[in-house]
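Participant: Please find my_file-v8.cif (mmCIF, C-alpha atoms) on the next line:
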```cif
data_entry
loop_
_atom_site.label_atom_id
_atom_site.label_comp_id
_atom_site.auth_asym_id
_atom_site.auth_seq_id
_atom_site.Cartn_x
_atom_site.Cartn_y
_atom_site.Cartn_z
CA MET A 684 41.07 137.60 72.46
CA THR A 685 38.09 136.60 70.31
CA SER A 686 34.55 136.11 71.58
CA GLY A 687 34.96 132.37 71.10
CA GLU A 688 38.02 132.31 73.31
CA ALA A 689 36.19 134.24 76.02
CA GLN A 690 33.58 131.52 76.53
CA PRO A 691 33.69 129.20 79.55
CA ARG A 692 35.41 125.88 78.88
CA HIS A 693 33.05 122.90 79.05
CA PHE A 694 34.71 119.50 78.63
CA ARG A 695 34.53 115.87 79.71
CA ALA A 696 37.41 114.20 81.57
CA PHE A 697 38.10 110.46 81.67
CA ALA A 698 40.22 108.27 83.96
CA VAL A 699 40.82 104.78 82.57
CA GLN A 700 41.68 101.92 84.94
CA PRO A 701 43.13 99.04 82.88
CA HIS A 702 44.44 95.61 83.84
CA TRP A 703 47.93 94.81 82.58
CA SER A 704 50.08 91.71 82.29
CA ALA A 705 53.47 90.92 80.79
CA GLY A 706 51.78 89.42 77.73
CA ASP A 707 50.35 92.81 76.80
CA PHE A 708 53.89 93.92 75.99
CA ALA A 709 55.11 90.82 74.15
CA SER A 710 54.90 92.49 70.73
CA ALA A 711 54.01 95.76 69.04
CA ASP A 712 50.62 94.32 68.10
CA THR A 713 49.72 93.22 71.64
CA PHE A 714 50.75 96.61 73.02
CA ARG A 715 48.69 98.51 70.46
CA ALA A 716 45.70 96.29 71.21
CA TRP A 717 46.08 96.84 74.97
CA LEU A 718 46.28 100.61 74.63
CA ARG A 719 43.46 100.75 72.10
CA GLY A 720 41.28 98.75 74.48
CA GLN A 721 41.51 101.60 76.97
CA LEU A 722 40.24 104.13 74.43
CA GLU A 723 37.49 101.67 73.53
CA LEU A 724 36.40 101.67 77.18
CA ALA A 725 35.99 105.43 76.93
CA ARG A 726 34.41 105.51 73.46
CA PRO A 727 30.74 104.97 74.51
CA HIS A 728 31.00 107.92 76.89
CA LEU A 729 32.81 110.43 74.66
CA ALA A 730 30.88 113.70 74.48
CA PRO A 731 29.97 114.77 70.93
CA ASP A 732 29.33 118.41 71.91
CA ARG A 733 32.50 119.28 73.86
CA PRO A 734 36.21 118.39 74.00
CA ASN A 735 37.20 115.16 75.71
CA LEU A 736 40.28 114.60 77.88
CA VAL A 737 41.42 111.00 78.40
CA VAL A 738 44.07 110.30 81.04
CA LEU A 739 46.00 107.00 81.03
CA THR A 740 48.18 105.41 83.71
CA GLU A 741 51.76 105.74 84.89
CA LEU A 742 54.64 103.75 83.37
CA ASN A 743 52.37 102.14 80.79
CA GLY A 744 55.35 102.14 78.44
CA LEU A 745 57.90 100.64 80.85
CA PRO A 746 57.17 96.95 80.10
CA LEU A 747 57.91 97.50 76.39
CA VAL A 748 61.44 96.35 77.25
CA LEU A 749 59.90 92.85 77.29
CA ARG A 750 58.92 93.12 73.63
CA GLY A 751 60.22 90.39 71.37
CA VAL A 752 61.77 88.28 74.15
CA PRO A 753 59.25 85.51 75.00
CA LEU A 754 61.45 84.06 77.74
CA ALA A 755 61.42 87.40 79.56
CA VAL A 756 57.63 87.64 79.29
CA ARG A 757 57.41 84.24 81.00
CA ALA A 758 60.29 84.81 83.43
CA GLY A 759 58.02 85.11 86.46
CA THR A 760 60.05 87.84 88.18
CA PHE A 761 61.40 91.21 87.08
CA GLU A 762 64.88 90.26 88.26
CA ARG A 763 65.02 87.21 85.99
CA ALA A 764 63.41 89.12 83.14
CA ALA A 765 66.00 91.91 83.41
CA LEU A 766 68.87 89.42 83.22
CA LEU A 767 67.38 87.70 80.18
CA LEU A 768 66.76 91.03 78.48
CA PHE A 769 70.27 92.29 79.10
CA LEU A 770 71.78 89.10 77.70
CA ARG A 771 69.46 89.20 74.69
CA HIS A 772 70.31 92.83 73.92
CA LEU A 773 73.94 92.71 75.06
CA PRO A 774 75.42 93.89 71.71
CA HIS A 775 73.42 97.12 72.00
CA ALA A 776 73.24 97.59 75.78
CA LEU A 777 76.92 97.02 76.52
CA PRO A 778 78.17 99.99 74.44
CA VAL A 779 75.70 102.26 76.26
CA LEU A 780 76.82 100.91 79.64
CA LEU A 781 80.51 101.50 78.86
CA ARG A 782 80.18 104.78 76.98
CA GLU A 783 77.59 106.52 79.18
CA ARG A 784 78.68 105.00 82.51
CA VAL A 785 75.19 103.95 83.59
CA SER A 786 73.82 100.85 85.29
CA PRO A 787 72.97 97.73 83.26
CA ILE A 788 69.22 98.28 83.69
CA ARG A 789 69.42 101.88 82.50
CA ALA A 790 71.76 100.90 79.67
CA LEU A 791 69.24 98.30 78.53
CA GLN A 792 66.39 100.81 78.51
CA LEU A 793 68.45 103.48 76.75
CA ALA A 794 69.61 101.00 74.11
CA LEU A 795 65.96 100.19 73.30
CA SER A 796 64.63 103.70 73.88
CA GLY A 797 64.49 104.85 70.27
CA GLU A 798 62.37 101.93 69.08
CA ASN A 799 60.20 101.76 72.19
CA ALA A 800 59.62 105.53 72.33
CA ARG A 801 58.58 105.47 68.69
CA LEU A 802 56.12 102.60 69.20
CA TYR A 803 54.72 104.18 72.36
CA LEU A 804 54.29 107.73 71.10
CA GLU A 805 53.14 106.91 67.58
CA THR A 806 50.53 104.55 69.02
CA CYS A 807 49.31 107.31 71.35
CA ARG A 808 49.37 109.87 68.53
CA ASP A 809 47.29 107.64 66.28
CA LEU A 810 44.77 106.95 69.06
CA ALA A 811 44.40 110.67 69.89
CA ARG A 812 43.65 111.33 66.22
CA GLU A 813 41.32 108.38 65.74
CA TYR A 814 39.22 109.05 68.85
CA GLY A 815 39.50 112.84 68.58
CA VAL A 816 40.56 113.35 72.19
CA TYR A 817 43.06 115.29 74.21
CA LEU A 818 45.26 112.48 75.48
CA CYS A 819 47.47 112.27 78.52
CA CYS A 820 49.47 109.24 77.40
CA GLY A 821 50.18 108.08 80.94
CA SER A 822 53.95 107.94 81.36
CA ALA A 823 56.92 105.96 80.13
CA PRO A 824 60.70 105.90 80.58
CA MET A 825 61.76 108.51 78.04
CA PRO A 826 65.21 109.74 77.04
CA ARG A 827 65.95 113.38 76.31
CA PHE A 828 66.06 114.21 72.61
CA ARG A 829 67.43 117.21 70.76
CA LEU A 830 66.99 118.25 67.13
CA GLU A 831 70.10 119.36 65.27
CA GLY A 832 70.38 119.83 61.54
CA GLY A 833 67.18 117.92 60.87
CA ARG A 834 68.37 114.90 62.87
CA VAL A 835 67.27 113.83 66.34
CA HIS A 836 69.91 112.86 68.87
CA ARG A 837 69.56 111.29 72.30
CA GLU A 838 71.16 112.97 75.30
CA PRO A 839 73.53 110.48 76.98
CA GLY A 840 72.58 108.84 80.26
CA VAL A 841 69.21 110.54 80.85
CA LEU A 842 65.99 108.54 81.28
CA HIS A 843 62.94 110.23 82.83
CA ASN A 844 59.55 108.94 83.92
CA GLU A 845 57.76 111.23 81.47
CA THR A 846 54.18 112.15 80.63
CA VAL A 847 53.35 113.32 77.11
CA LEU A 848 50.22 115.38 76.34
CA LEU A 849 48.68 115.31 72.85
CA ASP A 850 45.84 117.23 71.20
CA PRO A 851 43.08 115.65 69.06
CA GLN A 852 45.25 116.04 65.93
CA GLY A 853 47.99 114.01 67.61
CA ASP A 854 50.24 117.05 67.94
CA LEU A 855 52.37 117.61 71.01
CA ILE A 856 51.06 119.92 73.75
CA GLY A 857 53.95 119.35 76.14
CA VAL A 858 55.71 116.94 78.48
CA ALA A 859 56.28 116.60 82.23
CA ASP A 860 58.90 114.54 84.03
CA LYS A 861 58.43 112.94 87.44
CA VAL A 862 60.42 114.81 90.07
CA HIS A 863 60.12 112.55 93.14
CA LEU A 864 60.99 108.94 92.38
CA THR A 865 60.02 105.94 94.48
CA PRO A 866 62.70 103.45 95.58
CA ALA A 867 61.57 101.10 92.79
CA GLU A 868 62.34 103.83 90.25
CA GLU A 869 65.76 104.73 91.66
CA ALA A 870 69.09 102.93 91.46
CA GLY A 871 68.54 99.31 92.40
CA GLY A 872 65.16 99.42 90.64
CA VAL A 873 64.49 100.58 87.09
CA ASP A 874 67.03 103.39 87.64
CA LEU A 875 65.35 106.48 86.23
CA THR A 876 66.51 110.10 86.31
CA PRO A 877 64.61 112.54 88.58
CA GLY A 878 63.03 115.37 86.64
CA PRO A 879 63.99 118.97 87.47
CA LEU A 880 61.29 120.71 89.49
CA GLU A 881 61.90 123.98 87.64
CA GLU A 882 60.91 122.38 84.33
CA LEU A 883 57.33 121.60 85.43
CA ARG A 884 54.94 123.89 83.55
CA VAL A 885 51.21 124.39 83.01
CA PHE A 886 49.68 123.97 79.54
CA PRO A 887 46.50 125.98 78.77
CA THR A 888 44.04 124.00 76.61
CA PRO A 889 40.27 123.80 75.96
CA VAL A 890 40.25 120.97 78.57
CA GLY A 891 41.86 122.98 81.32
CA ASP A 892 45.17 124.50 82.33
CA LEU A 893 46.92 121.17 82.62
CA GLY A 894 49.58 120.43 85.18
CA VAL A 895 51.02 116.93 85.60
CA ALA A 896 52.09 115.42 88.92
CA ILE A 897 52.98 111.80 88.23
CA SER A 898 52.02 109.53 91.16
CA LEU A 899 54.27 110.48 94.11
CA ASP A 900 54.64 114.05 92.80
CA ALA A 901 50.95 114.68 93.57
CA PHE A 902 51.74 114.09 97.27
CA ARG A 903 54.58 116.61 97.32
CA GLU A 904 53.92 120.25 98.19
CA ASP A 905 56.82 121.59 96.10
CA VAL A 906 55.27 120.10 92.96
CA THR A 907 51.63 121.06 93.54
CA SER A 908 52.57 124.54 94.75
CA ARG A 909 54.69 125.16 91.66
CA LEU A 910 51.83 124.10 89.39
CA GLU A 911 49.33 126.22 91.33
CA ALA A 912 51.62 129.25 91.11
CA GLN A 913 51.48 128.91 87.33
CA GLY A 914 47.67 128.78 87.27
CA CYS A 915 47.00 125.04 87.04
CA THR A 916 43.26 124.32 87.09
CA VAL A 917 43.30 120.61 86.16
CA LEU A 918 45.82 118.31 87.81
CA LEU A 919 46.66 115.06 86.04
CA GLN A 920 48.00 112.26 88.24
CA PRO A 921 48.85 109.15 86.17
CA ASP A 922 49.50 106.32 88.61
CA ALA A 923 50.88 102.80 88.96
CA ASN A 924 50.73 101.91 92.65
CA GLY A 925 53.02 98.91 93.14
CA ALA A 926 51.36 97.34 96.19
CA PRO A 927 48.06 95.83 97.32
CA TRP A 928 45.63 98.73 97.74
CA THR A 929 44.67 97.84 101.31
CA ASP A 930 48.27 97.47 102.56
CA LEU A 931 49.96 100.05 104.74
CA GLU A 932 51.55 103.01 102.96
CA GLY A 933 55.02 102.34 101.62
CA LEU A 934 56.57 105.80 102.00
CA PRO A 935 55.18 107.22 105.26
CA PRO A 936 56.16 110.83 105.97
CA ASP A 937 56.13 109.83 109.65
CA PRO A 938 57.50 106.29 110.22
CA GLU A 939 55.93 106.37 113.68
CA ASN A 940 52.48 106.88 112.14
CA VAL A 941 52.11 104.44 109.25
CA ARG A 942 48.60 104.60 107.80
CA ASP A 943 46.45 102.49 105.53
CA GLN A 944 47.45 103.27 101.97
CA PRO A 945 44.04 104.66 100.90
CA VAL A 946 44.17 107.07 103.86
CA ALA A 947 47.54 108.34 102.68
CA TRP A 948 46.15 108.67 99.13
CA LEU A 949 43.81 111.41 100.31
CA GLU A 950 46.91 113.63 100.41
CA SER A 951 47.25 113.60 96.61
CA SER A 952 44.50 114.57 94.12
CA TRP A 953 41.68 114.81 96.66
CA GLN A 954 43.65 117.20 98.87
CA ALA A 955 44.84 119.24 95.88
CA THR A 956 41.27 120.00 94.79
CA THR A 957 39.57 120.42 98.17
CA ARG A 958 41.92 122.95 99.76
CA GLY A 959 40.52 125.81 97.69
CA ARG A 960 43.51 126.95 95.65
CA SER A 961 43.77 127.23 91.84
CA ILE A 962 43.48 123.48 91.12
CA ARG A 963 39.76 122.96 90.53
CA TYR A 964 39.78 119.36 89.28
CA ALA A 965 42.14 116.36 89.33
CA VAL A 966 42.13 113.15 87.30
CA ASN A 967 43.90 110.14 88.87
CA PRO A 968 43.79 106.90 86.83
CA MET A 969 45.42 103.81 88.38
CA VAL A 970 46.52 100.62 86.67
CA VAL A 971 45.76 97.23 88.26
CA GLY A 972 47.10 93.73 87.72
CA ASN A 973 50.07 91.57 88.66
CA LEU A 974 52.97 92.24 86.29
CA LEU A 975 55.37 89.33 86.69
CA ASP A 976 56.01 89.30 90.47
CA LEU A 977 54.79 92.85 91.13
CA THR A 978 51.33 93.83 92.37
CA PHE A 979 49.50 96.94 91.16
CA ASP A 980 46.19 98.03 92.64
CA GLY A 981 44.16 101.12 93.47
CA GLN A 982 40.99 103.11 92.90
CA SER A 983 40.85 105.61 90.06
CA ALA A 984 39.16 108.92 90.82
CA ILE A 985 38.18 112.32 89.48
CA THR A 986 38.09 114.90 92.27
CA GLY A 987 36.83 118.46 92.69
CA ARG A 988 35.84 120.92 95.36
CA ALA A 989 33.30 119.95 97.99
CA GLU A 990 30.62 122.14 96.41
CA ASP A 991 31.18 120.41 93.06
CA ALA A 992 30.85 116.93 94.57
CA PRO A 993 28.82 117.08 97.80
CA LYS A 994 27.85 113.38 97.82
CA PRO A 995 29.95 111.63 100.52
CA ARG A 996 32.13 108.79 99.28
CA SER A 997 35.77 107.83 99.51
CA TYR A 998 38.44 105.18 99.08
CA ALA A 999 38.34 101.80 100.82
CA LEU A 1000 39.33 101.98 104.50
CA THR A 1001 38.44 105.70 104.70
CA GLU A 1002 35.40 107.61 105.88
CA PRO A 1003 32.99 109.00 103.23
CA ARG A 1004 33.55 112.67 102.40
CA PRO A 1005 32.68 115.20 99.67
CA GLY A 1006 35.08 115.97 96.83
CA PHE A 1007 34.84 112.85 94.65
CA LEU A 1008 33.18 113.64 91.31
CA ALA A 1009 33.73 110.04 90.20
CA LEU A 1010 35.29 107.09 92.01
CA LEU A 1011 35.75 103.51 90.85
CA PRO A 1012 34.67 101.11 93.63
CA TRP A 1013 37.27 98.72 94.94
CA VAL A 1014 36.79 94.96 94.49
CA GLU A 1015 34.95 94.49 97.81
CA GLU A 1016 32.99 96.39 100.42
CA ALA A 1017 33.58 95.04 103.92
CA GLY A 1018 35.18 95.75 107.27
CA PRO A 1019 38.87 96.68 107.56
CA GLU A 1020 40.25 93.21 108.29
CA ARG A 1021 38.38 91.63 105.38
CA LEU A 1022 39.51 94.41 103.02
CA ARG A 1023 43.15 93.90 104.02
CA ALA A 1024 42.80 90.15 103.47
CA ALA A 1025 41.16 90.75 100.06
CA GLY A 1026 44.16 92.82 98.99
CA ARG A 1027 46.59 90.08 99.98
CA GLU A 1028 44.53 87.43 98.19
CA ARG A 1029 44.84 89.28 94.88
CA ALA A 1030 48.55 90.02 95.19
CA ALA A 1031 51.18 88.40 93.00
CA GLY A 1032 52.21 84.97 94.27
CA SER A 1033 49.37 84.61 96.75
CA GLY A 1034 48.20 81.31 95.26
CA HIS A 1035 44.64 82.26 96.20
CA PRO A 1036 41.76 81.67 93.73
CA TRP A 1037 41.32 85.47 93.65
CA GLU A 1038 44.95 86.14 92.72
CA ASN A 1039 45.23 88.80 90.00
CA ARG A 1040 41.47 89.47 89.92
CA TYR A 1041 40.94 93.23 90.01
CA ARG A 1042 38.31 95.72 88.94
CA THR A 1043 38.79 97.63 85.70
CA GLY A 1044 36.68 100.42 84.28
CA VAL A 1045 36.44 104.00 83.11
CA LEU A 1046 35.29 107.13 84.93
CA HIS A 1047 34.10 110.38 83.40
CA ALA A 1048 32.86 113.74 84.61
CA ASP A 1049 31.63 116.88 82.85
CA LEU A 1050 33.69 119.85 84.01
CA THR A 1051 33.52 123.61 83.52
CA LEU A 1052 36.22 126.27 83.84
CA PRO A 1053 36.44 129.99 83.10
CA PRO A 1054 37.90 131.08 79.74
CA ALA A 1055 41.58 130.39 79.18
CA TRP A 1056 43.91 133.30 79.84
CA LEU A 1057 47.32 131.72 80.42
CA PRO A 1058 49.92 131.92 77.64
CA ALA A 1059 51.36 128.64 76.38
CA PRO A 1060 54.85 128.07 77.80
CA PRO A 1061 57.78 128.05 75.36
CA ARG A 1062 58.84 124.62 74.24
CA THR A 1063 61.94 122.97 75.58
CA ARG A 1064 64.55 121.59 73.21
CA HIS A 1065 63.28 118.10 74.02
CA GLU A 1066 59.69 119.09 73.13
CA VAL A 1067 60.83 120.61 69.83
CA ALA A 1068 62.42 117.28 68.93
CA LEU A 1069 59.39 115.23 70.02
CA ALA A 1070 57.02 117.48 68.06
CA ALA A 1071 59.12 117.00 64.92
CA LEU A 1072 59.21 113.24 65.43
CA LEU A 1073 55.43 113.02 65.88
CA ARG A 1074 54.83 115.12 62.75
CA GLY A 1075 57.16 112.90 60.75
CA GLU A 1076 59.56 115.79 60.13
CA ALA A 1077 62.55 113.97 61.63
CA ALA A 1078 63.70 110.37 61.85
CA TRP A 1079 63.69 108.47 65.12
CA PRO A 1080 67.15 107.58 66.48
CA ARG A 1081 68.15 104.02 65.77
CA ARG A 1082 70.23 101.57 67.69
CA GLY A 1083 73.84 101.81 66.56
CA PRO A 1084 75.82 98.82 65.24
CA GLY A 1085 76.51 96.43 68.07
CA TRP A 1086 79.23 94.25 66.61
CA TRP A 1087 82.02 96.01 68.49
CA ALA A 1088 80.24 95.39 71.80
CA VAL A 1089 80.77 91.67 71.35
CA ALA A 1090 84.46 92.31 70.87
CA ALA A 1091 84.52 94.65 73.86
CA GLY A 1092 82.73 92.05 75.97
CA ALA A 1093 85.14 89.36 74.90
CA ALA A 1094 88.09 91.60 75.70
CA LEU A 1095 86.63 92.43 79.09
CA LEU A 1096 86.09 88.77 79.89
CA GLY A 1097 89.62 88.02 78.72
CA LEU A 1098 91.03 90.70 81.01
CA VAL A 1099 89.11 89.34 83.99
CA TRP A 1100 90.26 85.79 83.20
CA SER A 1101 93.92 86.81 82.89
CA ARG A 1102 93.80 88.65 86.21
CA ARG A 1103 92.28 85.63 87.91
CA ARG A 1104 95.04 83.40 86.53
CA ARG A 1105 97.75 85.76 87.76
CA ARG A 1106 96.27 85.65 91.28
CA ARG A 1107 96.58 81.86 91.46
#
```
Have the structure of the file written as structure tokens, please.
Facilitator:
Amino acid sequence: MTSGEAQPRHFRAFAVQPHWSAGDFASADTFRAWLRGQLELARPHLAPDRPNLVVLTELNGLPLVLRGVPLAVRAGTFERAALLLFLRHLPHALPVLLRERVSPIRALQLALSGENARLYLETCRDLAREYGVYLCCGSAPMPRFRLEGGRVHREPGVLHNETVLLDPQGDLIGVADKVHLTPAEEAGGVDLTPGPLEELRVFPTPVGDLGVAISLDAFREDVTSRLEAQGCTVLLQPDANGAPWTDLEGLPPDPENVRDQPVAWLESSWQATTRGRSIRYAVNPMVVGNLLDLTFDGQSAITGRAEDAPKPRSYALTEPRPGFLALLPWVEEAGPERLRAAGRERAAGSGHPWENRYRTGVLHADLTLPPAWLPAPPRTRHEVALAALLRGEAAWPRRGPGWWAVAAGAALLGLVWSRRRRRR
């Protein structure tokens, strides 16, 4: 270990809270502009004398399935948009559905995954390089890739909610997949694949020993304990909370004791940093905005130990307390009933003048950790493939020819029709 490596790590962490809408994902250009806007929010606060870590929000790549289909962007609901998208991409989605035996919504995402993953990750890579930051890209539905003979192949049927970490040169640090999915992410929703708990690892960097617990994972003891056992000092919690912030919690551990959602949120990043274990800091950015008929709201935060942040403050509907290094205020300060009403007024479909009006912003905090001592974990096969793709050393998988899917679809419809005629 050199003398330089033995120095304490001083760095600045950022949590960006953006507003999203379906139109942000209508084209490659609108997506790049939306993502760049988040780095622009951070730019005035970037530290010139220390590394910067910028953390973006959960599933910020999911709506890329809307790209290039204007009717889906204007569909009004996710259900109608999904139907339009499947019909539009039928020649490519149908072969995946039949060959990999997955649901239509997963088949659609897998059929588009090569192009969308390339747009998403190359945009993030370019932004990490341009702004010179360590970048937690948020998360996106991501297939599993493998590199064989200089070519990248997609593993059949697998689609994780995945976070990608990049360094200031745009090179891959590592990835983390969400282990605990919400009902909206499971079958009947966007139908993602749960990540294996045993694959969660900690990545030592100049901006902390990074462990990722995507949204619900940060509430789960098996995830945070595994990261702590590996020496995690900075927990990253990218989030997309699909409900009004001042509603009741959607996944109560005790159905007989349903709490206000912000009260339940104290059991994620804030709890992870205040209970005195290895996790010293946590960065929890949250996206806001009504995406088609879905509502997303929350309060982004950077948390630490009570002695690091003694000033009392907290989420809406909760009592002030130490542990918040930085906290974005919610849209109003008022009593509980008014706050609950304010959340409903902003929700999708409310028809209220305040519908879809949320607070955006960026938080930052200067953090210090002891010198790094953890070894970097070995790369998975998937990470080897992603690293090669980001360096331009391998070609991204392309959608295969879809002409035979039309024939297959016609044959399938013909079979159904003949069976119906025989039953008459």
Participant: Using only C-alpha atoms for the distances, tell me which of A:Pro787, A:Pro968, A:Gly815, A:Pro935 is nearest to Pro731 of chain A.
Facilitator: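 Of A:Pro787, A:Pro968, A:Gly815, A:Pro935, the one nearest Pro731 of chain A, counting only C-alpha atoms, is A:Gly815.
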Participant: At a cut-off of 9 Å, using all atoms listed in the file, what residues contact Asp976 of chain A? Leave out same-chain residues fewer than 3 positions from it and give the result as a list in words.
Facilitator: Gly759, Thr760, Phe761, Asn973, Ala1030, Ala1031 and Gly1032 of chain A
Participant: Selected by the PyMOL selection byres ((chain A and resi 1002-1009) around 12) in the shown coordinates: which residues, as an MDAnalysis selection string?
Facilitator: chainID A and resid 695:699 945:946 949 952:959 963:968 982:1001 1010:1012 1018:1019 1044:1050
Participant: Just give me the gap between atom CA of Trp717 of chain A and atom CA of Pro753 of chain A in Å, one decimal is fine.
Facilitator: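 Answer for the atom CA of Trp717 of chain A to atom CA of Pro753 of chain A separation: 17.4 Å.
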Participant: Which value, in Å to one decimal, gives the distance between atom CA of Ala800 of chain A and atom CA of Arg903 of chain A?
Facilitator: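 Atom CA of Arg903 of chain A lies at a distance of 27.8 Å from atom CA of Ala800 of chain A.
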